[in-house]
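Here's the structure we're looking at; comments come further down.
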Amino acid sequence: MAQKPAKAPGVSRLRRNAAAKRLTRAFFAREVLAVAPELIGATFLVDGVGGIIVEVEAYHHTDPAAHSFRGPTPRNQVMFGPPGFAYVYRSYGIHWCVNFVCEAEGSASAVLIRAIEPTLGMEEMQRRRGLEDVRALCSGPGKLTEAMGITIAHNALPLDAPPIELFARTGDVEVVTGIRIGITKAVELPWRFGLKGSRFLSKPFPPSSRGT
C-alpha cells in the first residue's frame, strides 16, 4: 500500500484551485537570487504530476559553476533566451536535470530544481521510479525528473503553458540557505535554498545554515 507524504512544516498543500496563483514568465524576469528562494513552497507539475518544491540552487552567468559561464553552446542555448523557460540537460550522461531560466534575455541565469515533496500523481511517480518510498521519490534532481517524466523533450518549453504548471505558494515558509552540492567551482557561494524541516530534501542542510 502506497505511503502518504507527511505535511511539510509551514506549507499549505497547494492544489489546482482558486487559492493557488499561477506563476507566469514574468515571475522569472528578475534576479536569479530573488527568484530561487521564492520557488520554495511553489507547486511544480508536468502533465498533472509533481508536488511542492522544497530545494533549489541558483546559477548566475558570472558564476564559474554555471553552464553558461563560458558562453552559449548547443546544449545551454535556452539559458541565453528569454526568462520563464525550462532548461533540461543530461547530468553525467545518466539522468536529466530541470532548470528554470531567469533574468533578462542574454543573462543566462537559471534555478536548478533539486527536490520536491510529491503530492499529485503519486502512483505514476512510484511506477516510473520503481519504488514505494514517497520520501525518496523526488529527493534529488535526477530522481524528480524521472518521477515526473521530464526528458530532453521538455527543454525550451515555457513554464506557464501545458504540459508544465507552476503555482505560487499560498502561505509563508521558512527558507534555509547553504552551499551548493556536487560542484567543484564557486563552492563557497550560499546559493542553495531549501524548506526548513522538510523530509524530502536531497541532503539535509547543516545546523548552521542561515534561515530567512
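Ligands are numbered from 1 in the order shown, chains are lettered A, B, ... in the order of the C-alpha cells, and residues start at 1 in each chain.
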
Pull the strand (DSSP E or B) assignments for stretch 38-115 of chain A out of DSSP run on the backbone, and list those residues as an MDAnalysis selection string.
chainID A and resid 43:46 49:59 85:91 95:102 109:115

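Proximity to A:Pro141 at 9 Å, evaluated using only C-alpha atoms and with sequence-adjacent residues fewer than 3 positions away removed, yields His95, Trp96, Cys97, Val98, Leu112, Ile113, Arg114, Ala115, Ile116, Cys138, Leu144, Thr145, Glu146 and Ser202 of chain A.
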
When DSSP works through the backbone of this structure, what residues of stretch 16-205 of chain A end up as helix (DSSP H, G or I), shown as a PDB file with all heavy atoms, in the first residue's frame?
ATOM      1  N   ARG A  25       5.708  33.744 -16.916  1.00  0.00           N
ATOM      2  CA  ARG A  25       7.094  34.010 -17.304  1.00  0.00           C
ATOM      3  C   ARG A  25       7.617  35.300 -16.675  1.00  0.00           C
ATOM      4  O   ARG A  25       8.811  35.435 -16.428  1.00  0.00           O
ATOM      5  CB  ARG A  25       7.207  34.069 -18.824  1.00  0.00           C
ATOM      6  CG  ARG A  25       7.310  32.690 -19.465  1.00  0.00           C
ATOM      7  CD  ARG A  25       7.252  32.745 -20.970  1.00  0.00           C
ATOM      8  NE  ARG A  25       5.942  32.310 -21.439  1.00  0.00           N
ATOM      9  CZ  ARG A  25       5.591  32.244 -22.703  1.00  0.00           C
ATOM     10  NH1 ARG A  25       6.445  32.610 -23.637  1.00  0.00           N
ATOM     11  NH2 ARG A  25       4.390  31.828 -23.048  1.00  0.00           N
ATOM     12  N   ALA A  26       6.733  36.223 -16.390  1.00  0.00           N
ATOM     13  CA  ALA A  26       7.158  37.485 -15.772  1.00  0.00           C
ATOM     14  C   ALA A  26       7.779  37.255 -14.397  1.00  0.00           C
ATOM     15  O   ALA A  26       8.655  38.016 -13.972  1.00  0.00           O
ATOM     16  CB  ALA A  26       5.965  38.432 -15.659  1.00  0.00           C
ATOM     17  N   PHE A  27       7.340  36.222 -13.692  1.00  0.00           N
ATOM     18  CA  PHE A  27       7.897  35.903 -12.380  1.00  0.00           C
ATOM     19  C   PHE A  27       9.396  35.648 -12.470  1.00  0.00           C
ATOM     20  O   PHE A  27      10.146  35.966 -11.533  1.00  0.00           O
ATOM     21  CB  PHE A  27       7.181  34.666 -11.828  1.00  0.00           C
ATOM     22  CG  PHE A  27       7.749  34.134 -10.538  1.00  0.00           C
ATOM     23  CD1 PHE A  27       7.352  34.649  -9.310  1.00  0.00           C
ATOM     24  CD2 PHE A  27       8.677  33.096 -10.545  1.00  0.00           C
ATOM     25  CE1 PHE A  27       7.875  34.153  -8.120  1.00  0.00           C
ATOM     26  CE2 PHE A  27       9.196  32.599  -9.360  1.00  0.00           C
ATOM     27  CZ  PHE A  27       8.792  33.129  -8.145  1.00  0.00           C
ATOM     28  N   PHE A  28       9.842  35.093 -13.582  1.00  0.00           N
ATOM     29  CA  PHE A  28      11.239  34.710 -13.744  1.00  0.00           C
ATOM     30  C   PHE A  28      12.110  35.819 -14.333  1.00  0.00           C
ATOM     31  O   PHE A  28      13.331  35.666 -14.413  1.00  0.00           O
ATOM     32  CB  PHE A  28      11.337  33.454 -14.604  1.00  0.00           C
ATOM     33  CG  PHE A  28      10.632  32.282 -13.993  1.00  0.00           C
ATOM     34  CD1 PHE A  28       9.314  31.994 -14.316  1.00  0.00           C
ATOM     35  CD2 PHE A  28      11.271  31.489 -13.056  1.00  0.00           C
ATOM     36  CE1 PHE A  28       8.653  30.918 -13.733  1.00  0.00           C
ATOM     37  CE2 PHE A  28      10.621  30.420 -12.459  1.00  0.00           C
ATOM     38  CZ  PHE A  28       9.306  30.134 -12.804  1.00  0.00           C
ATOM     39  N   VAL A  32      18.145  36.071 -10.438  1.00  0.00           N
ATOM     40  CA  VAL A  32      18.017  34.657 -10.096  1.00  0.00           C
ATOM     41  C   VAL A  32      18.036  34.425  -8.587  1.00  0.00           C
ATOM     42  O   VAL A  32      17.350  33.533  -8.074  1.00  0.00           O
ATOM     43  CB  VAL A  32      19.115  33.837 -10.804  1.00  0.00           C
ATOM     44  CG1 VAL A  32      20.495  34.135 -10.231  1.00  0.00           C
ATOM     45  CG2 VAL A  32      18.810  32.349 -10.742  1.00  0.00           C
ATOM     46  N   LEU A  33      18.767  35.266  -7.851  1.00  0.00           N
ATOM     47  CA  LEU A  33      18.838  35.104  -6.401  1.00  0.00           C
ATOM     48  C   LEU A  33      17.583  35.612  -5.694  1.00  0.00           C
ATOM     49  O   LEU A  33      17.390  35.357  -4.508  1.00  0.00           O
ATOM     50  CB  LEU A  33      20.075  35.806  -5.839  1.00  0.00           C
ATOM     51  CG  LEU A  33      21.405  35.149  -6.213  1.00  0.00           C
ATOM     52  CD1 LEU A  33      22.574  35.982  -5.707  1.00  0.00           C
ATOM     53  CD2 LEU A  33      21.490  33.729  -5.670  1.00  0.00           C
ATOM     54  N   ALA A  34      16.728  36.326  -6.412  1.00  0.00           N
ATOM     55  CA  ALA A  34      15.419  36.705  -5.871  1.00  0.00           C
ATOM     56  C   ALA A  34      14.395  35.626  -6.187  1.00  0.00           C
ATOM     57  O   ALA A  34      13.537  35.295  -5.363  1.00  0.00           O
ATOM     58  CB  ALA A  34      14.972  38.039  -6.455  1.00  0.00           C
ATOM     59  N   VAL A  35      14.492  35.040  -7.371  1.00  0.00           N
ATOM     60  CA  VAL A  35      13.541  34.018  -7.789  1.00  0.00           C
ATOM     61  C   VAL A  35      13.714  32.727  -6.998  1.00  0.00           C
ATOM     62  O   VAL A  35      12.735  32.124  -6.532  1.00  0.00           O
ATOM     63  CB  VAL A  35      13.686  33.732  -9.296  1.00  0.00           C
ATOM     64  CG1 VAL A  35      12.801  32.550  -9.710  1.00  0.00           C
ATOM     65  CG2 VAL A  35      13.333  34.966 -10.118  1.00  0.00           C
ATOM     66  N   ALA A  36      14.961  32.293  -6.832  1.00  0.00           N
ATOM     67  CA  ALA A  36      15.233  30.970  -6.251  1.00  0.00           C
ATOM     68  C   ALA A  36      14.546  30.732  -4.905  1.00  0.00           C
ATOM     69  O   ALA A  36      13.813  29.740  -4.754  1.00  0.00           O
ATOM     70  CB  ALA A  36      16.735  30.745  -6.148  1.00  0.00           C
ATOM     71  N   PRO A  37      14.733  31.583  -3.901  1.00  0.00           N
ATOM     72  CA  PRO A  37      14.084  31.306  -2.609  1.00  0.00           C
ATOM     73  C   PRO A  37      12.564  31.403  -2.672  1.00  0.00           C
ATOM     74  O   PRO A  37      11.871  30.749  -1.883  1.00  0.00           O
ATOM     75  CB  PRO A  37      14.671  32.363  -1.677  1.00  0.00           C
ATOM     76  CG  PRO A  37      15.179  33.449  -2.560  1.00  0.00           C
ATOM     77  CD  PRO A  37      15.607  32.770  -3.820  1.00  0.00           C
ATOM     78  N   GLU A  38      12.023  32.185  -3.613  1.00  0.00           N
ATOM     79  CA  GLU A  38      10.574  32.310  -3.723  1.00  0.00           C
ATOM     80  C   GLU A  38       9.934  31.083  -4.372  1.00  0.00           C
ATOM     81  O   GLU A  38       8.711  30.921  -4.336  1.00  0.00           O
ATOM     82  CB  GLU A  38      10.213  33.578  -4.499  1.00  0.00           C
ATOM     83  CG  GLU A  38      10.513  34.850  -3.730  1.00  0.00           C
ATOM     84  CD  GLU A  38      10.020  36.098  -4.443  1.00  0.00           C
ATOM     85  OE1 GLU A  38       9.124  35.982  -5.312  1.00  0.00           O
ATOM     86  OE2 GLU A  38      10.531  37.189  -4.132  1.00  0.00           O
ATOM     87  N   GLN A  77      21.868  26.747 -24.946  1.00  0.00           N
ATOM     88  CA  GLN A  77      21.343  27.888 -25.689  1.00  0.00           C
ATOM     89  C   GLN A  77      20.089  28.484 -25.060  1.00  0.00           C
ATOM     90  O   GLN A  77      19.910  29.711 -25.043  1.00  0.00           O
ATOM     91  CB  GLN A  77      21.039  27.470 -27.129  1.00  0.00           C
ATOM     92  CG  GLN A  77      20.674  28.634 -28.054  1.00  0.00           C
ATOM     93  CD  GLN A  77      21.808  29.636 -28.205  1.00  0.00           C
ATOM     94  OE1 GLN A  77      22.952  29.257 -28.467  1.00  0.00           O
ATOM     95  NE2 GLN A  77      21.504  30.916 -28.038  1.00  0.00           N
ATOM     96  N   VAL A  78      19.218  27.644 -24.514  1.00  0.00           N
ATOM     97  CA  VAL A  78      17.974  28.153 -23.938  1.00  0.00           C
ATOM     98  C   VAL A  78      18.238  29.086 -22.761  1.00  0.00           C
ATOM     99  O   VAL A  78      17.448  29.998 -22.489  1.00  0.00           O
ATOM    100  CB  VAL A  78      17.049  26.983 -23.513  1.00  0.00           C
ATOM    101  CG1 VAL A  78      17.649  26.183 -22.385  1.00  0.00           C
ATOM    102  CG2 VAL A  78      15.673  27.503 -23.125  1.00  0.00           C
ATOM    103  N   MET A  79      19.370  28.920 -22.076  1.00  0.00           N
ATOM    104  CA  MET A  79      19.696  29.791 -20.945  1.00  0.00           C
ATOM    105  C   MET A  79      19.893  31.235 -21.393  1.00  0.00           C
ATOM    106  O   MET A  79      19.692  32.163 -20.610  1.00  0.00           O
ATOM    107  CB  MET A  79      20.960  29.307 -20.240  1.00  0.00           C
ATOM    108  CG  MET A  79      20.813  27.999 -19.485  1.00  0.00           C
ATOM    109  SD  MET A  79      22.330  27.555 -18.587  1.00  0.00           S
ATOM    110  CE  MET A  79      22.283  28.758 -17.240  1.00  0.00           C
ATOM    111  N   PHE A  80      20.290  31.433 -22.639  1.00  0.00           N
ATOM    112  CA  PHE A  80      20.563  32.777 -23.156  1.00  0.00           C
ATOM    113  C   PHE A  80      19.313  33.424 -23.757  1.00  0.00           C
ATOM    114  O   PHE A  80      19.356  34.573 -24.204  1.00  0.00           O
ATOM    115  CB  PHE A  80      21.680  32.709 -24.198  1.00  0.00           C
ATOM    116  CG  PHE A  80      23.025  32.392 -23.602  1.00  0.00           C
ATOM    117  CD1 PHE A  80      23.395  31.088 -23.348  1.00  0.00           C
ATOM    118  CD2 PHE A  80      23.907  33.408 -23.261  1.00  0.00           C
ATOM    119  CE1 PHE A  80      24.630  30.788 -22.776  1.00  0.00           C
ATOM    120  CE2 PHE A  80      25.138  33.131 -22.691  1.00  0.00           C
ATOM    121  CZ  PHE A  80      25.503  31.805 -22.447  1.00  0.00           C
ATOM    122  N   MET A 122       0.930  10.384  -7.456  1.00  0.00           N
ATOM    123  CA  MET A 122       1.820   9.540  -6.671  1.00  0.00           C
ATOM    124  C   MET A 122       2.046   8.168  -7.306  1.00  0.00           C
ATOM    125  O   MET A 122       3.180   7.698  -7.412  1.00  0.00           O
ATOM    126  CB  MET A 122       1.263   9.367  -5.263  1.00  0.00           C
ATOM    127  CG  MET A 122       2.272   8.881  -4.261  1.00  0.00           C
ATOM    128  SD  MET A 122       3.395  10.204  -3.809  1.00  0.00           S
ATOM    129  CE  MET A 122       2.238  11.329  -3.007  1.00  0.00           C
ATOM    130  N   GLU A 123       0.979   7.505  -7.730  1.00  0.00           N
ATOM    131  CA  GLU A 123       1.123   6.169  -8.294  1.00  0.00           C
ATOM    132  C   GLU A 123       1.956   6.187  -9.563  1.00  0.00           C
ATOM    133  O   GLU A 123       2.762   5.278  -9.801  1.00  0.00           O
ATOM    134  CB  GLU A 123      -0.261   5.564  -8.566  1.00  0.00           C
ATOM    135  CG  GLU A 123      -1.030   5.224  -7.296  1.00  0.00           C
ATOM    136  CD  GLU A 123      -2.360   4.559  -7.593  1.00  0.00           C
ATOM    137  OE1 GLU A 123      -2.663   4.341  -8.793  1.00  0.00           O
ATOM    138  OE2 GLU A 123      -3.092   4.258  -6.642  1.00  0.00           O
ATOM    139  N   GLU A 124       1.787   7.222 -10.372  1.00  0.00           N
ATOM    140  CA  GLU A 124       2.573   7.333 -11.605  1.00  0.00           C
ATOM    141  C   GLU A 124       4.053   7.532 -11.280  1.00  0.00           C
ATOM    142  O   GLU A 124       4.928   6.935 -11.908  1.00  0.00           O
ATOM    143  CB  GLU A 124       2.049   8.490 -12.459  1.00  0.00           C
ATOM    144  CG  GLU A 124       2.769   8.677 -13.786  1.00  0.00           C
ATOM    145  CD  GLU A 124       2.569   7.520 -14.750  1.00  0.00           C
ATOM    146  OE1 GLU A 124       1.663   6.691 -14.515  1.00  0.00           O
ATOM    147  OE2 GLU A 124       3.318   7.430 -15.724  1.00  0.00           O
ATOM    148  N   MET A 125       4.338   8.361 -10.283  1.00  0.00           N
ATOM    149  CA  MET A 125       5.727   8.579  -9.893  1.00  0.00           C
ATOM    150  C   MET A 125       6.346   7.305  -9.325  1.00  0.00           C
ATOM    151  O   MET A 125       7.510   6.983  -9.607  1.00  0.00           O
ATOM    152  CB  MET A 125       5.813   9.731  -8.884  1.00  0.00           C
ATOM    153  CG  MET A 125       5.606  11.095  -9.516  1.00  0.00           C
ATOM    154  SD  MET A 125       5.969  12.479  -8.398  1.00  0.00           S
ATOM    155  CE  MET A 125       4.421  12.595  -7.511  1.00  0.00           C
ATOM    156  N   GLN A 126       5.598   6.569  -8.527  1.00  0.00           N
ATOM    157  CA  GLN A 126       6.108   5.313  -7.975  1.00  0.00           C
ATOM    158  C   GLN A 126       6.370   4.294  -9.073  1.00  0.00           C
ATOM    159  O   GLN A 126       7.367   3.554  -9.038  1.00  0.00           O
ATOM    160  CB  GLN A 126       5.111   4.766  -6.944  1.00  0.00           C
ATOM    161  CG  GLN A 126       5.049   5.588  -5.674  1.00  0.00           C
ATOM    162  CD  GLN A 126       3.915   5.167  -4.758  1.00  0.00           C
ATOM    163  OE1 GLN A 126       2.823   4.851  -5.215  1.00  0.00           O
ATOM    164  NE2 GLN A 126       4.166   5.175  -3.453  1.00  0.00           N
ATOM    165  N   ARG A 127       5.512   4.257 -10.070  1.00  0.00           N
ATOM    166  CA  ARG A 127       5.710   3.334 -11.193  1.00  0.00           C
ATOM    167  C   ARG A 127       6.971   3.701 -11.964  1.00  0.00           C
ATOM    168  O   ARG A 127       7.786   2.825 -12.292  1.00  0.00           O
ATOM    169  CB  ARG A 127       4.490   3.375 -12.125  1.00  0.00           C
ATOM    170  CG  ARG A 127       4.576   2.399 -13.303  1.00  0.00           C
ATOM    171  CD  ARG A 127       3.485   2.640 -14.316  1.00  0.00           C
ATOM    172  NE  ARG A 127       3.609   3.943 -14.964  1.00  0.00           N
ATOM    173  CZ  ARG A 127       4.479   4.189 -15.947  1.00  0.00           C
ATOM    174  NH1 ARG A 127       5.306   3.251 -16.374  1.00  0.00           N
ATOM    175  NH2 ARG A 127       4.521   5.394 -16.502  1.00  0.00           N
ATOM    176  N   ARG A 128       7.138   4.988 -12.253  1.00  0.00           N
ATOM    177  CA  ARG A 128       8.310   5.419 -13.023  1.00  0.00           C
ATOM    178  C   ARG A 128       9.616   5.177 -12.278  1.00  0.00           C
ATOM    179  O   ARG A 128      10.628   4.836 -12.882  1.00  0.00           O
ATOM    180  CB  ARG A 128       8.180   6.901 -13.361  1.00  0.00           C
ATOM    181  CG  ARG A 128       7.135   7.223 -14.425  1.00  0.00           C
ATOM    182  CD  ARG A 128       6.879   8.711 -14.497  1.00  0.00           C
ATOM    183  NE  ARG A 128       5.985   9.061 -15.604  1.00  0.00           N
ATOM    184  CZ  ARG A 128       5.376  10.241 -15.723  1.00  0.00           C
ATOM    185  NH1 ARG A 128       5.561  11.180 -14.786  1.00  0.00           N
ATOM    186  NH2 ARG A 128       4.595  10.477 -16.741  1.00  0.00           N
ATOM    187  N   ARG A 129       9.587   5.372 -10.974  1.00  0.00           N
ATOM    188  CA  ARG A 129      10.794   5.203 -10.175  1.00  0.00           C
ATOM    189  C   ARG A 129      10.996   3.766  -9.710  1.00  0.00           C
ATOM    190  O   ARG A 129      12.083   3.401  -9.276  1.00  0.00           O
ATOM    191  CB  ARG A 129      10.737   6.132  -8.951  1.00  0.00           C
ATOM    192  CG  ARG A 129      10.766   7.608  -9.281  1.00  0.00           C
ATOM    193  CD  ARG A 129      12.198   8.124  -9.427  1.00  0.00           C
ATOM    194  NE  ARG A 129      12.853   8.177  -8.140  1.00  0.00           N
ATOM    195  CZ  ARG A 129      13.966   7.527  -7.811  1.00  0.00           C
ATOM    196  NH1 ARG A 129      14.572   6.750  -8.686  1.00  0.00           N
ATOM    197  NH2 ARG A 129      14.491   7.641  -6.610  1.00  0.00           N
ATOM    198  N   VAL A 134       7.808   7.172  -0.555  1.00  0.00           N
ATOM    199  CA  VAL A 134       7.418   8.503  -1.017  1.00  0.00           C
ATOM    200  C   VAL A 134       8.528   9.525  -0.764  1.00  0.00           C
ATOM    201  O   VAL A 134       8.791  10.389  -1.590  1.00  0.00           O
ATOM    202  CB  VAL A 134       6.105   8.949  -0.336  1.00  0.00           C
ATOM    203  CG1 VAL A 134       5.778  10.395  -0.687  1.00  0.00           C
ATOM    204  CG2 VAL A 134       4.967   8.038  -0.755  1.00  0.00           C
ATOM    205  N   ARG A 135       9.196   9.400   0.370  1.00  0.00           N
ATOM    206  CA  ARG A 135      10.252  10.355   0.714  1.00  0.00           C
ATOM    207  C   ARG A 135      11.394  10.335  -0.289  1.00  0.00           C
ATOM    208  O   ARG A 135      12.018  11.363  -0.560  1.00  0.00           O
ATOM    209  CB  ARG A 135      10.790  10.056   2.116  1.00  0.00           C
ATOM    210  CG  ARG A 135      11.681  11.148   2.679  1.00  0.00           C
ATOM    211  CD  ARG A 135      12.628  10.615   3.726  1.00  0.00           C
ATOM    212  NE  ARG A 135      13.544   9.640   3.181  1.00  0.00           N
ATOM    213  CZ  ARG A 135      14.638   9.957   2.468  1.00  0.00           C
ATOM    214  NH1 ARG A 135      14.911  11.210   2.183  1.00  0.00           N
ATOM    215  NH2 ARG A 135      15.427   9.008   2.022  1.00  0.00           N
ATOM    216  N   ALA A 136      11.661   9.177  -0.884  1.00  0.00           N
ATOM    217  CA  ALA A 136      12.787   9.036  -1.804  1.00  0.00           C
ATOM    218  C   ALA A 136      12.409   9.247  -3.270  1.00  0.00           C
ATOM    219  O   ALA A 136      13.282   9.238  -4.136  1.00  0.00           O
ATOM    220  CB  ALA A 136      13.423   7.658  -1.633  1.00  0.00           C
ATOM    221  N   LEU A 137      11.146   9.461  -3.555  1.00  0.00           N
ATOM    222  CA  LEU A 137      10.709   9.572  -4.949  1.00  0.00           C
ATOM    223  C   LEU A 137      11.376  10.727  -5.693  1.00  0.00           C
ATOM    224  O   LEU A 137      11.798  10.577  -6.837  1.00  0.00           O
ATOM    225  CB  LEU A 137       9.187   9.755  -5.010  1.00  0.00           C
ATOM    226  CG  LEU A 137       8.310   8.522  -4.906  1.00  0.00           C
ATOM    227  CD1 LEU A 137       6.841   8.936  -4.983  1.00  0.00           C
ATOM    228  CD2 LEU A 137       8.641   7.518  -5.994  1.00  0.00           C
ATOM    229  N   PRO A 141      17.758  15.932  -7.998  1.00  0.00           N
ATOM    230  CA  PRO A 141      17.393  16.463  -9.315  1.00  0.00           C
ATOM    231  C   PRO A 141      17.121  15.397 -10.361  1.00  0.00           C
ATOM    232  O   PRO A 141      16.219  15.551 -11.190  1.00  0.00           O
ATOM    233  CB  PRO A 141      18.592  17.339  -9.687  1.00  0.00           C
ATOM    234  CG  PRO A 141      19.713  16.853  -8.831  1.00  0.00           C
ATOM    235  CD  PRO A 141      19.086  16.378  -7.564  1.00  0.00           C
ATOM    236  N   GLY A 142      17.872  14.292 -10.336  1.00  0.00           N
ATOM    237  CA  GLY A 142      17.630  13.218 -11.283  1.00  0.00           C
ATOM    238  C   GLY A 142      16.434  12.364 -10.905  1.00  0.00           C
ATOM    239  O   GLY A 142      15.719  11.860 -11.772  1.00  0.00           O
ATOM    240  N   LYS A 143      16.197  12.227  -9.621  1.00  0.00           N
ATOM    241  CA  LYS A 143      15.052  11.459  -9.144  1.00  0.00           C
ATOM    242  C   LYS A 143      13.744  12.131  -9.531  1.00  0.00           C
ATOM    243  O   LYS A 143      12.800  11.480  -9.975  1.00  0.00           O
ATOM    244  CB  LYS A 143      15.127  11.293  -7.629  1.00  0.00           C
ATOM    245  CG  LYS A 143      16.295  10.458  -7.134  1.00  0.00           C
ATOM    246  CD  LYS A 143      16.300  10.417  -5.609  1.00  0.00           C
ATOM    247  CE  LYS A 143      17.469   9.632  -5.062  1.00  0.00           C
ATOM    248  NZ  LYS A 143      17.465   9.597  -3.573  1.00  0.00           N
ATOM    249  N   LEU A 144      13.681  13.454  -9.348  1.00  0.00           N
ATOM    250  CA  LEU A 144      12.409  14.139  -9.608  1.00  0.00           C
ATOM    251  C   LEU A 144      12.082  14.169 -11.093  1.00  0.00           C
ATOM    252  O   LEU A 144      10.914  14.103 -11.471  1.00  0.00           O
ATOM    253  CB  LEU A 144      12.394  15.534  -8.985  1.00  0.00           C
ATOM    254  CG  LEU A 144      13.215  16.659  -9.594  1.00  0.00           C
ATOM    255  CD1 LEU A 144      12.479  17.416 -10.686  1.00  0.00           C
ATOM    256  CD2 LEU A 144      13.640  17.636  -8.494  1.00  0.00           C
ATOM    257  N   THR A 145      13.104  14.278 -11.956  1.00  0.00           N
ATOM    258  CA  THR A 145      12.806  14.273 -13.392  1.00  0.00           C
ATOM    259  C   THR A 145      12.312  12.904 -13.838  1.00  0.00           C
ATOM    260  O   THR A 145      11.405  12.803 -14.666  1.00  0.00           O
ATOM    261  CB  THR A 145      14.037  14.684 -14.214  1.00  0.00           C
ATOM    262  OG1 THR A 145      15.161  13.867 -13.865  1.00  0.00           O
ATOM    263  CG2 THR A 145      14.379  16.143 -14.010  1.00  0.00           C
ATOM    264  N   GLU A 146      12.890  11.847 -13.286  1.00  0.00           N
ATOM    265  CA  GLU A 146      12.419  10.509 -13.626  1.00  0.00           C
ATOM    266  C   GLU A 146      10.987  10.320 -13.137  1.00  0.00           C
ATOM    267  O   GLU A 146      10.130   9.806 -13.863  1.00  0.00           O
ATOM    268  CB  GLU A 146      13.330   9.453 -13.003  1.00  0.00           C
ATOM    269  CG  GLU A 146      12.927   8.031 -13.362  1.00  0.00           C
ATOM    270  CD  GLU A 146      13.858   6.991 -12.777  1.00  0.00           C
ATOM    271  OE1 GLU A 146      14.553   7.292 -11.776  1.00  0.00           O
ATOM    272  OE2 GLU A 146      13.891   5.864 -13.312  1.00  0.00           O
ATOM    273  N   ALA A 147      10.720  10.748 -11.908  1.00  0.00           N
ATOM    274  CA  ALA A 147       9.381  10.585 -11.333  1.00  0.00           C
ATOM    275  C   ALA A 147       8.338  11.385 -12.101  1.00  0.00           C
ATOM    276  O   ALA A 147       7.198  10.934 -12.277  1.00  0.00           O
ATOM    277  CB  ALA A 147       9.391  11.005  -9.868  1.00  0.00           C
ATOM    278  N   MET A 148       8.716  12.578 -12.557  1.00  0.00           N
ATOM    279  CA  MET A 148       7.774  13.460 -13.242  1.00  0.00           C
ATOM    280  C   MET A 148       7.753  13.258 -14.747  1.00  0.00           C
ATOM    281  O   MET A 148       6.975  13.892 -15.455  1.00  0.00           O
ATOM    282  CB  MET A 148       8.096  14.919 -12.912  1.00  0.00           C
ATOM    283  CG  MET A 148       7.896  15.268 -11.440  1.00  0.00           C
ATOM    284  SD  MET A 148       8.433  16.944 -11.023  1.00  0.00           S
ATOM    285  CE  MET A 148       7.254  17.948 -11.946  1.00  0.00           C
ATOM    286  N   ILE A 152      14.607  15.436 -22.295  1.00  0.00           N
ATOM    287  CA  ILE A 152      15.070  16.491 -23.193  1.00  0.00           C
ATOM    288  C   ILE A 152      13.915  17.050 -24.027  1.00  0.00           C
ATOM    289  O   ILE A 152      13.987  18.179 -24.514  1.00  0.00           O
ATOM    290  CB  ILE A 152      16.201  15.968 -24.116  1.00  0.00           C
ATOM    291  CG1 ILE A 152      16.923  17.123 -24.819  1.00  0.00           C
ATOM    292  CG2 ILE A 152      15.658  14.948 -25.098  1.00  0.00           C
ATOM    293  CD1 ILE A 152      17.632  18.087 -23.888  1.00  0.00           C
ATOM    294  N   ALA A 153      12.839  16.296 -24.148  1.00  0.00           N
ATOM    295  CA  ALA A 153      11.663  16.770 -24.888  1.00  0.00           C
ATOM    296  C   ALA A 153      11.050  17.993 -24.229  1.00  0.00           C
ATOM    297  O   ALA A 153      10.324  18.759 -24.875  1.00  0.00           O
ATOM    298  CB  ALA A 153      10.626  15.663 -25.005  1.00  0.00           C
ATOM    299  N   HIS A 154      11.333  18.216 -22.939  1.00  0.00           N
ATOM    300  CA  HIS A 154      10.797  19.369 -22.219  1.00  0.00           C
ATOM    301  C   HIS A 154      11.739  20.578 -22.261  1.00  0.00           C
ATOM    302  O   HIS A 154      11.381  21.649 -21.765  1.00  0.00           O
ATOM    303  CB  HIS A 154      10.513  18.991 -20.765  1.00  0.00           C
ATOM    304  CG  HIS A 154       9.434  17.956 -20.622  1.00  0.00           C
ATOM    305  ND1 HIS A 154       9.704  16.605 -20.613  1.00  0.00           N
ATOM    306  CD2 HIS A 154       8.083  18.080 -20.498  1.00  0.00           C
ATOM    307  CE1 HIS A 154       8.562  15.943 -20.486  1.00  0.00           C
ATOM    308  NE2 HIS A 154       7.574  16.801 -20.402  1.00  0.00           N
TER     309      HIS A 154
END

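The neighbours of A:Ile53 here are the residues that come within 7 Å of it, using only C-alpha atoms and leaving out any residue fewer than 5 positions away in the same chain; they are Leu39, Ile40, Gly41, Ala42, Thr43, Phe44, Ala115, Ile116 and Glu117 of chain A.
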
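For the pair atom CA of A:Leu157 and atom CA of A:Gly71, the interatomic distance is 21.0 Å.
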
Which residue gives the smallest distance to A:Gly51 among A:Leu189, A:Val176, A:Ile183, A:Leu120, with only C-alpha atoms counted?
A:Leu120

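Relative to atom CA of A:Val101, atom CA of A:His60 is found at 10.1 Å.
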
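The closest residue to A:Ser107, picked from A:Thr151, A:Ser68, A:Ser139, A:Ser91 and counting only C-alpha atoms, is A:Ser68.
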
Residues near stretch 72-75 of chain A, cut-off 10 Å, only C-alpha atoms, skip fewer than 6 positions along chain, as number ranges by chain
A: 87-90, 106, 108, 155

Could you tell me how far atom CA of A:Arg169 lies from atom CA of A:Leu45, in Å and to one decimal?
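It comes out at 13.4 Å.
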
For A:Glu103, which of A:Asn76, A:Pro64, A:Ala58, A:Arg180 is the closest residue, counting only C-alpha atoms?
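That would be A:Ala58, the residue with the smallest distance to A:Glu103.
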
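Comparing the minimum interatomic distances between A:Ala110 and each of A:Ala20, A:Ala86, A:Leu131, A:Val175, counting only C-alpha atoms, we find that A:Ala86 sits nearest.
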